[in-house]
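Asks: Next comes structure_8.cif, mmCIF, C-alpha atoms:
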data_start
#
loop_
_atom_site.group_PDB
_atom_site.id
_atom_site.type_symbol
_atom_site.label_atom_id
_atom_site.label_comp_id
_atom_site.auth_asym_id
_atom_site.auth_seq_id
_atom_site.Cartn_x
_atom_site.Cartn_y
_atom_site.Cartn_z
ATOM 1 C CA MET Q 2 -5.843 2.878 32.304
ATOM 2 C CA GLU Q 3 -6.416 -0.751 31.397
ATOM 3 C CA ARG Q 4 -3.484 -3.027 32.205
ATOM 4 C CA ARG Q 5 -2.705 -6.435 30.744
ATOM 5 C CA ASP Q 6 -0.061 -9.055 31.479
ATOM 6 C CA VAL Q 7 0.667 -9.501 27.774
ATOM 7 C CA VAL Q 8 -0.356 -7.488 24.723
ATOM 8 C CA ILE Q 9 0.186 -9.114 21.335
ATOM 9 C CA VAL Q 10 0.292 -6.739 18.388
ATOM 10 C CA GLY Q 11 -0.843 -8.577 15.263
ATOM 11 C CA GLY Q 12 -3.590 -11.129 14.793
ATOM 12 C CA GLY Q 13 -2.028 -13.372 12.165
ATOM 13 C CA PRO Q 14 -0.800 -16.968 12.649
ATOM 14 C CA ALA Q 15 2.021 -15.973 15.038
ATOM 15 C CA GLY Q 16 -0.086 -13.651 17.179
ATOM 16 C CA LEU Q 17 -3.091 -15.963 17.454
ATOM 17 C CA SER Q 18 -1.012 -19.049 18.234
ATOM 18 C CA ALA Q 19 0.824 -17.076 20.940
ATOM 19 C CA ALA Q 20 -2.471 -15.989 22.502
ATOM 20 C CA LEU Q 21 -3.772 -19.554 22.480
ATOM 21 C CA ARG Q 22 -0.599 -20.951 24.029
ATOM 22 C CA LEU Q 23 -0.508 -18.278 26.740
ATOM 23 C CA SER Q 24 -4.087 -19.174 27.630
ATOM 24 C CA GLN Q 25 -3.167 -22.859 27.800
ATOM 25 C CA LEU Q 26 -0.281 -21.956 30.109
ATOM 26 C CA GLY Q 27 -2.609 -20.132 32.496
ATOM 27 C CA ILE Q 28 -1.782 -16.549 31.604
ATOM 28 C CA GLY Q 29 -5.243 -15.082 31.277
ATOM 29 C CA SER Q 30 -4.636 -11.347 31.056
ATOM 30 C CA VAL Q 31 -3.726 -11.334 27.374
ATOM 31 C CA SER Q 32 -4.995 -9.116 24.557
ATOM 32 C CA VAL Q 33 -4.426 -9.374 20.812
ATOM 33 C CA LEU Q 34 -4.645 -6.110 18.851
ATOM 34 C CA GLU Q 35 -5.295 -6.521 15.113
ATOM 35 C CA ARG Q 36 -5.683 -3.543 12.794
ATOM 36 C CA GLU Q 37 -7.749 -5.393 10.178
ATOM 37 C CA PRO Q 38 -11.506 -5.969 10.643
ATOM 38 C CA SER Q 39 -10.913 -9.715 10.875
ATOM 39 C CA ALA Q 40 -8.074 -11.712 12.443
ATOM 40 C CA GLY Q 41 -6.133 -14.382 10.594
ATOM 41 C CA GLY Q 42 -3.448 -12.382 8.816
ATOM 42 C CA ILE Q 43 -2.334 -12.816 5.227
ATOM 43 C CA PRO Q 44 -3.858 -16.318 4.836
ATOM 44 C CA ARG Q 45 -7.312 -14.686 4.864
ATOM 45 C CA HIS Q 46 -6.853 -13.762 1.230
ATOM 46 C CA CYS Q 47 -4.715 -16.639 -0.053
ATOM 47 C CA GLY Q 48 -7.422 -18.805 -1.603
ATOM 48 C CA HIS Q 49 -5.151 -21.649 -2.718
ATOM 49 C CA LEU Q 50 -4.297 -24.836 -0.822
ATOM 50 C CA GLY Q 51 -1.111 -25.273 1.213
ATOM 51 C CA PHE Q 52 -2.001 -24.062 4.717
ATOM 52 C CA GLY Q 53 -2.435 -25.842 8.015
ATOM 53 C CA TRP Q 54 -0.126 -28.833 7.865
ATOM 54 C CA GLN Q 55 2.584 -27.584 10.244
ATOM 55 C CA SER Q 56 0.046 -26.424 12.805
ATOM 56 C CA HIS Q 57 -2.993 -28.718 12.548
ATOM 57 C CA ARG Q 58 -1.902 -31.558 10.254
ATOM 58 C CA ARG Q 59 -4.539 -30.547 7.715
ATOM 59 C CA ILE Q 60 -4.346 -29.152 4.187
ATOM 60 C CA TRP Q 61 -6.546 -26.075 3.881
ATOM 61 C CA THR Q 62 -6.910 -22.981 1.770
ATOM 62 C CA GLY Q 63 -5.698 -19.767 3.368
ATOM 63 C CA PRO Q 64 -9.216 -18.616 4.386
ATOM 64 C CA GLN Q 65 -9.943 -22.042 5.912
ATOM 65 C CA PHE Q 66 -6.715 -21.860 7.885
ATOM 66 C CA ALA Q 67 -7.485 -18.325 9.071
ATOM 67 C CA ALA Q 68 -10.973 -19.414 10.113
ATOM 68 C CA ARG Q 69 -9.496 -22.270 12.146
ATOM 69 C CA LEU Q 70 -7.067 -19.882 13.847
ATOM 70 C CA ARG Q 71 -9.983 -17.641 14.819
ATOM 71 C CA HIS Q 72 -11.894 -20.659 16.074
ATOM 72 C CA ASP Q 73 -8.909 -21.694 18.215
ATOM 73 C CA VAL Q 74 -8.956 -18.375 20.097
ATOM 74 C CA GLU Q 75 -12.707 -18.032 20.575
ATOM 75 C CA GLY Q 76 -13.345 -16.616 24.035
ATOM 76 C CA LEU Q 77 -9.956 -14.895 24.207
ATOM 77 C CA ASP Q 78 -9.505 -11.122 24.048
ATOM 78 C CA VAL Q 79 -8.865 -10.570 20.334
ATOM 79 C CA ARG Q 80 -9.629 -6.977 19.350
ATOM 80 C CA THR Q 81 -9.934 -6.311 15.637
ATOM 81 C CA ALA Q 82 -9.932 -2.863 14.023
ATOM 82 C CA HIS Q 83 -7.411 -1.794 16.692
ATOM 83 C CA THR Q 84 -4.310 -0.062 15.334
ATOM 84 C CA VAL Q 85 -1.285 0.463 17.568
ATOM 85 C CA LEU Q 86 0.013 3.943 16.814
ATOM 86 C CA GLY Q 87 3.077 3.770 19.032
ATOM 87 C CA ILE Q 88 4.722 2.258 22.086
ATOM 88 C CA ASP Q 89 6.271 4.243 24.931
ATOM 89 C CA GLY Q 90 7.754 2.012 27.592
ATOM 90 C CA ASP Q 91 4.958 -0.231 28.837
ATOM 91 C CA ARG Q 92 2.198 1.866 27.251
ATOM 92 C CA LEU Q 93 0.652 1.374 23.848
ATOM 93 C CA LYS Q 94 -1.267 4.123 22.077
ATOM 94 C CA VAL Q 95 -4.156 2.422 20.312
ATOM 95 C CA GLN Q 96 -6.783 3.676 17.889
ATOM 96 C CA ASN Q 97 -10.149 2.055 17.246
ATOM 97 C CA THR Q 98 -13.505 3.270 15.959
ATOM 98 C CA ASP Q 99 -14.181 5.054 19.258
ATOM 99 C CA GLY Q 100 -10.971 7.059 19.212
ATOM 100 C CA VAL Q 101 -7.492 6.833 20.744
ATOM 101 C CA PHE Q 102 -6.715 5.306 24.122
ATOM 102 C CA GLU Q 103 -3.750 3.882 26.041
ATOM 103 C CA LEU Q 104 -3.182 0.341 27.191
ATOM 104 C CA ALA Q 105 -0.426 -0.804 29.560
ATOM 105 C CA ALA Q 106 1.315 -4.171 29.283
ATOM 106 C CA ALA Q 107 3.899 -5.964 31.393
ATOM 107 C CA ARG Q 108 5.091 -7.802 28.255
ATOM 108 C CA ILE Q 109 4.648 -6.896 24.594
ATOM 109 C CA LEU Q 110 4.887 -9.362 21.727
ATOM 110 C CA LEU Q 111 5.126 -7.941 18.221
ATOM 111 C CA ALA Q 112 3.707 -10.243 15.570
ATOM 112 C CA THR Q 113 3.101 -7.563 12.966
ATOM 113 C CA GLY Q 114 4.411 -9.519 9.996
ATOM 114 C CA THR Q 115 5.940 -8.185 6.826
ATOM 115 C CA ARG Q 116 4.883 -6.466 3.625
ATOM 116 C CA GLU Q 117 5.953 -6.506 0.008
ATOM 117 C CA THR Q 118 7.765 -3.507 -1.399
ATOM 118 C CA PRO Q 119 5.401 -1.418 -3.548
ATOM 119 C CA ARG Q 120 6.306 0.501 -6.687
ATOM 120 C CA ALA Q 121 7.762 3.755 -5.324
ATOM 121 C CA PRO Q 122 10.728 2.281 -3.365
ATOM 122 C CA ARG Q 123 11.639 0.138 -6.382
ATOM 123 C CA PHE Q 124 12.382 3.290 -8.452
ATOM 124 C CA VAL Q 125 10.335 2.191 -11.455
ATOM 125 C CA GLY Q 126 9.819 4.939 -14.017
ATOM 126 C CA GLY Q 127 6.986 5.686 -16.405
ATOM 127 C CA THR Q 128 3.366 6.689 -15.934
ATOM 128 C CA ARG Q 129 1.024 5.912 -13.044
ATOM 129 C CA PRO Q 130 -1.845 3.867 -14.506
ATOM 130 C CA THR Q 131 -4.070 1.456 -12.596
ATOM 131 C CA GLY Q 132 -3.214 -2.229 -12.640
ATOM 132 C CA VAL Q 133 0.053 -2.071 -10.657
ATOM 133 C CA MET Q 134 -0.084 -3.953 -7.344
ATOM 134 C CA THR Q 135 1.703 -6.322 -4.983
ATOM 135 C CA THR Q 136 0.796 -9.995 -4.713
ATOM 136 C CA GLY Q 137 -1.019 -9.264 -1.455
ATOM 137 C CA ALA Q 138 -3.155 -6.607 -3.144
ATOM 138 C CA LEU Q 139 -3.896 -9.010 -6.009
ATOM 139 C CA GLN Q 140 -5.046 -11.662 -3.563
ATOM 140 C CA ALA Q 141 -7.320 -9.157 -1.851
ATOM 141 C CA HIS Q 142 -8.846 -8.211 -5.227
ATOM 142 C CA VAL Q 143 -9.427 -11.836 -6.186
ATOM 143 C CA TYR Q 144 -10.319 -13.643 -2.973
ATOM 144 C CA LEU Q 145 -11.892 -10.898 -0.863
ATOM 145 C CA HIS Q 146 -13.579 -8.766 -3.529
ATOM 146 C CA HIS Q 147 -13.928 -11.314 -6.371
ATOM 147 C CA HIS Q 148 -12.565 -8.740 -8.781
ATOM 148 C CA LYS Q 149 -10.401 -9.360 -11.851
ATOM 149 C CA PRO Q 150 -8.036 -6.348 -12.020
ATOM 150 C CA PHE Q 151 -6.343 -7.353 -15.291
ATOM 151 C CA SER Q 152 -6.012 -10.230 -17.761
ATOM 152 C CA ARG Q 153 -2.365 -10.288 -18.940
ATOM 153 C CA PRO Q 154 0.030 -9.004 -16.260
ATOM 154 C CA VAL Q 155 3.782 -9.300 -15.910
ATOM 155 C CA ILE Q 156 5.021 -10.704 -12.581
ATOM 156 C CA ILE Q 157 8.089 -8.979 -11.150
ATOM 157 C CA GLY Q 158 10.128 -11.273 -8.893
ATOM 158 C CA SER Q 159 10.476 -15.018 -8.403
ATOM 159 C CA GLU Q 160 10.207 -15.664 -4.675
ATOM 160 C CA TRP Q 161 7.711 -18.243 -3.432
ATOM 161 C CA VAL Q 162 5.088 -15.506 -3.200
ATOM 162 C CA ALA Q 163 5.385 -15.021 -6.970
ATOM 163 C CA PHE Q 164 4.135 -18.583 -7.388
ATOM 164 C CA SER Q 165 1.296 -17.743 -5.030
ATOM 165 C CA ALA Q 166 0.508 -14.953 -7.510
ATOM 166 C CA LEU Q 167 0.420 -17.555 -10.291
ATOM 167 C CA LEU Q 168 -2.103 -19.626 -8.328
ATOM 168 C CA THR Q 169 -4.200 -16.538 -7.659
ATOM 169 C CA CYS Q 170 -4.152 -15.628 -11.337
ATOM 170 C CA ARG Q 171 -5.246 -19.123 -12.327
ATOM 171 C CA HIS Q 172 -8.154 -18.923 -9.871
ATOM 172 C CA MET Q 173 -9.529 -15.833 -11.663
ATOM 173 C CA GLY Q 174 -8.648 -16.873 -15.220
ATOM 174 C CA ILE Q 175 -5.792 -14.371 -15.478
ATOM 175 C CA ARG Q 176 -2.949 -15.408 -17.801
ATOM 176 C CA PRO Q 177 0.388 -13.735 -16.944
ATOM 177 C CA VAL Q 178 2.597 -12.788 -19.878
ATOM 178 C CA MET Q 179 5.826 -13.666 -18.083
ATOM 179 C CA MET Q 180 7.688 -13.675 -14.785
ATOM 180 C CA ILE Q 181 10.962 -11.750 -14.597
ATOM 181 C CA GLU Q 182 13.858 -11.906 -12.145
ATOM 182 C CA ALA Q 183 16.751 -9.419 -12.032
ATOM 183 C CA ARG Q 184 19.233 -11.971 -10.714
ATOM 184 C CA ASP Q 185 20.914 -14.822 -12.566
ATOM 185 C CA ARG Q 186 18.507 -17.404 -11.204
ATOM 186 C CA ILE Q 187 15.043 -17.419 -9.665
ATOM 187 C CA SER Q 188 14.711 -16.991 -5.908
ATOM 188 C CA ALA Q 189 12.347 -19.909 -5.347
ATOM 189 C CA PRO Q 190 13.952 -23.353 -5.028
ATOM 190 C CA TRP Q 191 14.062 -25.765 -7.933
ATOM 191 C CA PRO Q 192 11.847 -26.712 -9.753
ATOM 192 C CA GLY Q 193 10.100 -23.337 -9.477
ATOM 193 C CA GLY Q 194 10.993 -22.053 -12.925
ATOM 194 C CA LEU Q 195 10.161 -25.391 -14.521
ATOM 195 C CA ALA Q 196 6.804 -25.466 -12.735
ATOM 196 C CA ALA Q 197 5.966 -21.949 -13.921
ATOM 197 C CA GLY Q 198 6.389 -23.035 -17.517
ATOM 198 C CA LEU Q 199 4.953 -26.547 -17.417
ATOM 199 C CA LEU Q 200 2.081 -26.063 -14.958
ATOM 200 C CA PHE Q 201 1.117 -22.458 -15.640
ATOM 201 C CA GLY Q 202 2.431 -21.818 -19.154
ATOM 202 C CA VAL Q 203 4.321 -18.739 -17.971
ATOM 203 C CA ARG Q 204 7.751 -17.899 -19.328
ATOM 204 C CA VAL Q 205 10.414 -17.036 -16.726
ATOM 205 C CA ARG Q 206 13.203 -14.632 -17.680
ATOM 206 C CA THR Q 207 16.224 -14.047 -15.446
ATOM 207 C CA ARG Q 208 18.752 -11.178 -15.603
ATOM 208 C CA THR Q 209 15.805 -8.980 -16.539
ATOM 209 C CA ARG Q 210 14.585 -5.943 -14.644
ATOM 210 C CA LEU Q 211 11.585 -3.648 -14.870
ATOM 211 C CA VAL Q 212 12.582 -0.167 -16.069
ATOM 212 C CA ALA Q 213 9.275 1.604 -16.656
ATOM 213 C CA ILE Q 214 5.525 1.163 -16.846
ATOM 214 C CA SER Q 215 3.368 2.827 -19.490
ATOM 215 C CA GLY Q 216 -0.333 3.404 -19.886
ATOM 216 C CA ARG Q 217 -2.808 6.225 -19.467
ATOM 217 C CA ASP Q 218 -5.687 4.718 -17.486
ATOM 218 C CA GLN Q 219 -4.676 1.040 -17.386
ATOM 219 C CA VAL Q 220 -1.211 -0.449 -17.867
ATOM 220 C CA ASP Q 221 -0.602 -1.151 -21.553
ATOM 221 C CA ALA Q 222 3.093 -2.103 -21.590
ATOM 222 C CA VAL Q 223 6.286 -2.407 -19.562
ATOM 223 C CA GLU Q 224 9.859 -1.587 -20.519
ATOM 224 C CA LEU Q 225 12.348 -4.291 -19.563
ATOM 225 C CA GLU Q 226 16.143 -4.311 -19.579
ATOM 226 C CA CYS Q 227 18.233 -7.439 -20.098
ATOM 227 C CA ASP Q 228 22.007 -7.504 -20.648
ATOM 228 C CA GLY Q 229 22.037 -3.810 -21.522
ATOM 229 C CA ARG Q 230 19.230 -4.064 -24.077
ATOM 230 C CA THR Q 231 15.706 -2.745 -23.535
ATOM 231 C CA GLU Q 232 12.436 -3.952 -24.998
ATOM 232 C CA CYS Q 233 8.758 -3.132 -24.630
ATOM 233 C CA ILE Q 234 6.336 -5.898 -23.640
ATOM 234 C CA SER Q 235 2.582 -5.507 -24.074
ATOM 235 C CA CYS Q 236 0.555 -6.285 -20.938
ATOM 236 C CA ASP Q 237 -2.313 -4.851 -18.912
ATOM 237 C CA GLY Q 238 -0.986 -5.186 -15.369
ATOM 238 C CA VAL Q 239 2.103 -5.488 -13.175
ATOM 239 C CA ILE Q 240 2.380 -7.704 -10.094
ATOM 240 C CA LEU Q 241 5.217 -6.619 -7.784
ATOM 241 C CA SER Q 242 6.204 -9.733 -5.881
ATOM 242 C CA GLY Q 243 8.413 -10.117 -2.838
ATOM 243 C CA GLU Q 244 11.199 -7.809 -1.590
ATOM 244 C CA PHE Q 245 9.664 -8.110 1.861
ATOM 245 C CA VAL Q 246 10.094 -5.411 4.490
ATOM 246 C CA PRO Q 247 9.345 -6.236 8.153
ATOM 247 C CA GLU Q 248 6.553 -4.226 9.803
ATOM 248 C CA ALA Q 249 8.917 -3.280 12.636
ATOM 249 C CA SER Q 250 8.330 0.461 13.075
ATOM 250 C CA LEU Q 251 6.904 -0.106 16.574
ATOM 251 C CA LEU Q 252 10.324 -1.275 17.747
ATOM 252 C CA ALA Q 253 11.611 2.299 17.686
ATOM 253 C CA ASN Q 254 10.545 3.001 21.288
ATOM 254 C CA ARG Q 255 10.454 -0.562 22.571
ATOM 255 C CA PRO Q 256 13.495 -2.374 21.127
ATOM 256 C CA ASP Q 257 13.273 -5.055 23.833
ATOM 257 C CA ALA Q 258 9.822 -6.198 22.712
ATOM 258 C CA MET Q 259 9.659 -9.894 21.896
ATOM 259 C CA LEU Q 260 9.153 -10.779 18.213
ATOM 260 C CA ALA Q 261 7.430 -13.674 16.487
ATOM 261 C CA GLY Q 262 6.675 -14.489 12.873
ATOM 262 C CA ASN Q 263 7.672 -12.518 9.819
ATOM 263 C CA VAL Q 264 8.366 -9.277 11.666
ATOM 264 C CA HIS Q 265 11.956 -10.526 11.931
ATOM 265 C CA GLY Q 266 14.349 -12.824 10.129
ATOM 266 C CA ALA Q 267 13.855 -14.499 6.768
ATOM 267 C CA VAL Q 268 10.328 -14.711 5.391
ATOM 268 C CA LYS Q 269 8.637 -17.804 6.782
ATOM 269 C CA THR Q 270 5.577 -19.869 5.922
ATOM 270 C CA SER Q 271 2.396 -19.339 7.912
ATOM 271 C CA GLY Q 272 3.004 -22.667 9.640
ATOM 272 C CA LEU Q 273 6.449 -21.635 10.837
ATOM 273 C CA CYS Q 274 5.024 -18.309 12.016
ATOM 274 C CA TRP Q 275 2.402 -20.251 13.988
ATOM 275 C CA ARG Q 276 5.165 -22.286 15.636
ATOM 276 C CA GLU Q 277 7.179 -19.167 16.455
ATOM 277 C CA GLY Q 278 4.139 -17.679 18.155
ATOM 278 C CA ARG Q 279 3.828 -20.743 20.406
ATOM 279 C CA GLU Q 280 7.526 -20.668 21.215
ATOM 280 C CA ALA Q 281 7.378 -16.957 22.067
ATOM 281 C CA ALA Q 282 4.424 -17.603 24.369
ATOM 282 C CA GLU Q 283 6.359 -20.298 26.185
ATOM 283 C CA ARG Q 284 9.338 -17.971 26.649
ATOM 284 C CA ILE Q 285 7.029 -15.280 28.023
ATOM 285 C CA ALA Q 286 5.466 -17.788 30.437
ATOM 286 C CA ARG Q 287 8.962 -18.762 31.647
ATOM 287 C CA GLY Q 288 9.830 -15.117 32.213
ATOM 288 C CA GLU Q 289 12.529 -15.049 29.588
ATOM 289 C CA ALA Q 290 13.542 -11.839 27.807
#
If you took the structure in this file and wrote it as C-alpha cells, what would it be?

Replies:
Amino acid sequence: MERRDVVIVGGGPAGLSAALRLSQLGIGSVSVLEREPSAGGIPRHCGHLGFGWQSHRRIWTGPQFAARLRHDVEGLDVRTAHTVLGIDGDRLKVQNTDGVFELAAARILLATGTRETPRAPRFVGGTRPTGVMTTGALQAHVYLHHHKPFSRPVIIGSEWVAFSALLTCRHMGIRPVMMIEARDRISAPWPGGLAAGLLFGVRVRTRTRLVAISGRDQVDAVELECDGRTECISCDGVILSGEFVPEASLLANRPDAMLAGNVHGAVKTSGLCWREGREAAERIARGEA
C-alpha cells in the first residue's frame, strides 16, 4: 500500500495552497486528491473578475485564478479524477479510472469545500421541468459549456453567490426576472440590493419565498408567497442560490482530520480559503493537531 506523509482531499484554493506551502516547508510526501478532471475548485467556472487579490495581489477571472493555482503546484503530486470514497483511520479508499485502491496517510487535510442546496431539500412543490439549477450549475453551463440554459430566470436567495449568478447571467445575455429573499432583508451586505437594481436592472423582493415551480418540459412559471398572499410569475428558469452545506461526509470516520476552506465555518471567499490552506499546512508542519 502506498503511504504518504500528508494527503489533501480537495484540489480547490485551500487544498492547492496547502500543498504548495507544505512543499515550501520541506514536506515532500504530499498528495492532493481531486475528484474533478481538473484542479482549481469552484473558481474554474466563475468567469467574472474578483479573484486573486488576497493570494497573489492580482485581479483575475475565476478560470485565470484557477490556472494560476495549478501553475503554482506544477511538479507536485496532484491527482485529478480521484474520488475519496471513505476514510478508515489512516487509510483512504480512493476511486479513479483504474478502479478502487487504498492510500495511507500520517495526516489528512480535508479541503472538500461546500455545495449549494438543490431543489429537493428545499421542499419546493410543483412539476419537474428542466431549467432549475444552482448557481454553480449555471456557471458550469455558461463558462465551461458555453450554453444558455434559459433567458428569464428567477433567482432564489440573496447571498453573495446570488450576485455571482447575476454576473454570470449578464455574461450570457440572460435577463433575470427578479431576485427573491424569504427574510426581511437580503443576505449580502449593503448596497447589494441597490446594485441589483441599478447595475443589473433586477428587482429584489424580500419576505418572499418560492412555493412551487410549473412547466412541462421547461420552466414556464413559479408560484411565490409573500405576506400570506400567493402569485404566479412567468419565467423560464430558476436559479437556487446559496444555503450552503459543507462537503463534510468524510469526517464520519476521521473526525480528527484537519479542515481548511469552506468545508467548515461560514462561507468564505476563494482568497480566504487559500489563506486557510496555507495556515493548515503550517500547523501540520509544526505537528499541531

Asks: Find the residue from Q:Pro190, Q:Pro38, Q:Pro154, Q:Gly114 that sits nearest to Ala261 (chain Q); use all atoms listed in the file when measuring.

Replies: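 The shortest atom-to-atom distance to Ala261 (chain Q) comes from Q:Gly114.
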
Asks: Can you turn the PyMOL selection byres ((chain Q and resi 94) around 12) into a concrete residue list for this file, as a list in words?

Replies: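 That expression, the PyMOL selection byres ((chain Q and resi 94) around 12), corresponds here to Met2, Glu3, Val8, Val10, Leu34, His83, Thr84, Val85, Leu86, Gly87, Ile88, Asp89, Gly90, Asp91, Arg92, Leu93, Val95, Gln96, Asn97, Gly100, Val101, Phe102, Glu103, Leu104, Ala105, Ala106, Leu251 and Asn254 of chain Q.
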
Asks: Expand the PyMOL selection byres ((chain Q and resi 148) around 12) into the explicit residue set it covers here, and present it as a ChimeraX atom specification.

Replies: /Q:138-147,149-152,169-170,172-175

Asks: Write out the residues from the selection above, keeping C-alpha atoms, as a compact mmCIF listing (two decimals), in the frame of the given file.

Replies:
# COMPACT_ATOMS: atom_id res chain seq x y z
CA ALA Q 138 -3.16 -6.61 -3.14
CA LEU Q 139 -3.90 -9.01 -6.01
CA GLN Q 140 -5.05 -11.66 -3.56
CA ALA Q 141 -7.32 -9.16 -1.85
CA HIS Q 142 -8.85 -8.21 -5.23
CA VAL Q 143 -9.43 -11.84 -6.19
CA TYR Q 144 -10.32 -13.64 -2.97
CA LEU Q 145 -11.89 -10.90 -0.86
CA HIS Q 146 -13.58 -8.77 -3.53
CA HIS Q 147 -13.93 -11.31 -6.37
CA LYS Q 149 -10.40 -9.36 -11.85
CA PRO Q 150 -8.04 -6.35 -12.02
CA PHE Q 151 -6.34 -7.35 -15.29
CA SER Q 152 -6.01 -10.23 -17.76
CA THR Q 169 -4.20 -16.54 -7.66
CA CYS Q 170 -4.15 -15.63 -11.34
CA HIS Q 172 -8.15 -18.92 -9.87
CA MET Q 173 -9.53 -15.83 -11.66
CA GLY Q 174 -8.65 -16.87 -15.22
CA ILE Q 175 -5.79 -14.37 -15.48

Asks: Pick the closest to Thr231 (chain Q) from Q:Ala213, Q:Ala196, Q:Ala163, Q:Val246: which is it, counting only C-alpha atoms?

Replies: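 That would be Q:Ala213, the residue with the smallest distance to Thr231 (chain Q).
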
Asks: To verify the selection step, state as an mmCIF file with C-alpha atoms, keeping the file's coordinate frame which residues the PyMOL selection byres ((chain Q and resi 179-184) around 10) yields on this input.

Replies:
data_model
loop_
_atom_site.group_PDB
_atom_site.id
_atom_site.type_symbol
_atom_site.label_atom_id
_atom_site.label_comp_id
_atom_site.auth_asym_id
_atom_site.auth_seq_id
_atom_site.Cartn_x
_atom_site.Cartn_y
_atom_site.Cartn_z
ATOM 1 C CA ARG Q 153 -2.365 -10.288 -18.940
ATOM 2 C CA PRO Q 154 0.030 -9.004 -16.260
ATOM 3 C CA VAL Q 155 3.782 -9.300 -15.910
ATOM 4 C CA ILE Q 156 5.021 -10.704 -12.581
ATOM 5 C CA ILE Q 157 8.089 -8.979 -11.150
ATOM 6 C CA GLY Q 158 10.128 -11.273 -8.893
ATOM 7 C CA SER Q 159 10.476 -15.018 -8.403
ATOM 8 C CA GLU Q 160 10.207 -15.664 -4.675
ATOM 9 C CA ALA Q 163 5.385 -15.021 -6.970
ATOM 10 C CA PHE Q 164 4.135 -18.583 -7.388
ATOM 11 C CA LEU Q 167 0.420 -17.555 -10.291
ATOM 12 C CA ARG Q 176 -2.949 -15.408 -17.801
ATOM 13 C CA PRO Q 177 0.388 -13.735 -16.944
ATOM 14 C CA VAL Q 178 2.597 -12.788 -19.878
ATOM 15 C CA ASP Q 185 20.914 -14.822 -12.566
ATOM 16 C CA ARG Q 186 18.507 -17.404 -11.204
ATOM 17 C CA ILE Q 187 15.043 -17.419 -9.665
ATOM 18 C CA SER Q 188 14.711 -16.991 -5.908
ATOM 19 C CA GLY Q 194 10.993 -22.053 -12.925
ATOM 20 C CA ALA Q 197 5.966 -21.949 -13.921
ATOM 21 C CA GLY Q 198 6.389 -23.035 -17.517
ATOM 22 C CA GLY Q 202 2.431 -21.818 -19.154
ATOM 23 C CA VAL Q 203 4.321 -18.739 -17.971
ATOM 24 C CA ARG Q 204 7.751 -17.899 -19.328
ATOM 25 C CA VAL Q 205 10.414 -17.036 -16.726
ATOM 26 C CA ARG Q 206 13.203 -14.632 -17.680
ATOM 27 C CA THR Q 207 16.224 -14.047 -15.446
ATOM 28 C CA ARG Q 208 18.752 -11.178 -15.603
ATOM 29 C CA THR Q 209 15.805 -8.980 -16.539
ATOM 30 C CA ARG Q 210 14.585 -5.943 -14.644
ATOM 31 C CA LEU Q 211 11.585 -3.648 -14.870
ATOM 32 C CA LEU Q 225 12.348 -4.291 -19.563
ATOM 33 C CA GLU Q 226 16.143 -4.311 -19.579
ATOM 34 C CA CYS Q 227 18.233 -7.439 -20.098
ATOM 35 C CA ILE Q 234 6.336 -5.898 -23.640
ATOM 36 C CA CYS Q 236 0.555 -6.285 -20.938
ATOM 37 C CA ILE Q 240 2.380 -7.704 -10.094
ATOM 38 C CA SER Q 242 6.204 -9.733 -5.881
#

Asks: What is the distance between CA of Arg129 (chain Q) and CA of Arg36 (chain Q), in Å to one decimal?

Replies: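 Atom-to-atom, CA of Arg129 (chain Q) to CA of Arg36 (chain Q), that is 28.3 Å.
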
Asks: Please list as an NGL selection string every residue within 9 Å of region 120-125 of chain Q, counting all atoms listed in the file and excluding residues in the same chain fewer than 4 positions away.

Replies: :Q and (133-135 or 211-214 or 241)

Asks: Rounded to one decimal place, report the CA of Glu35 (chain Q)-CA of Ala15 (chain Q) distance in Å.

Replies: 12.0 Å
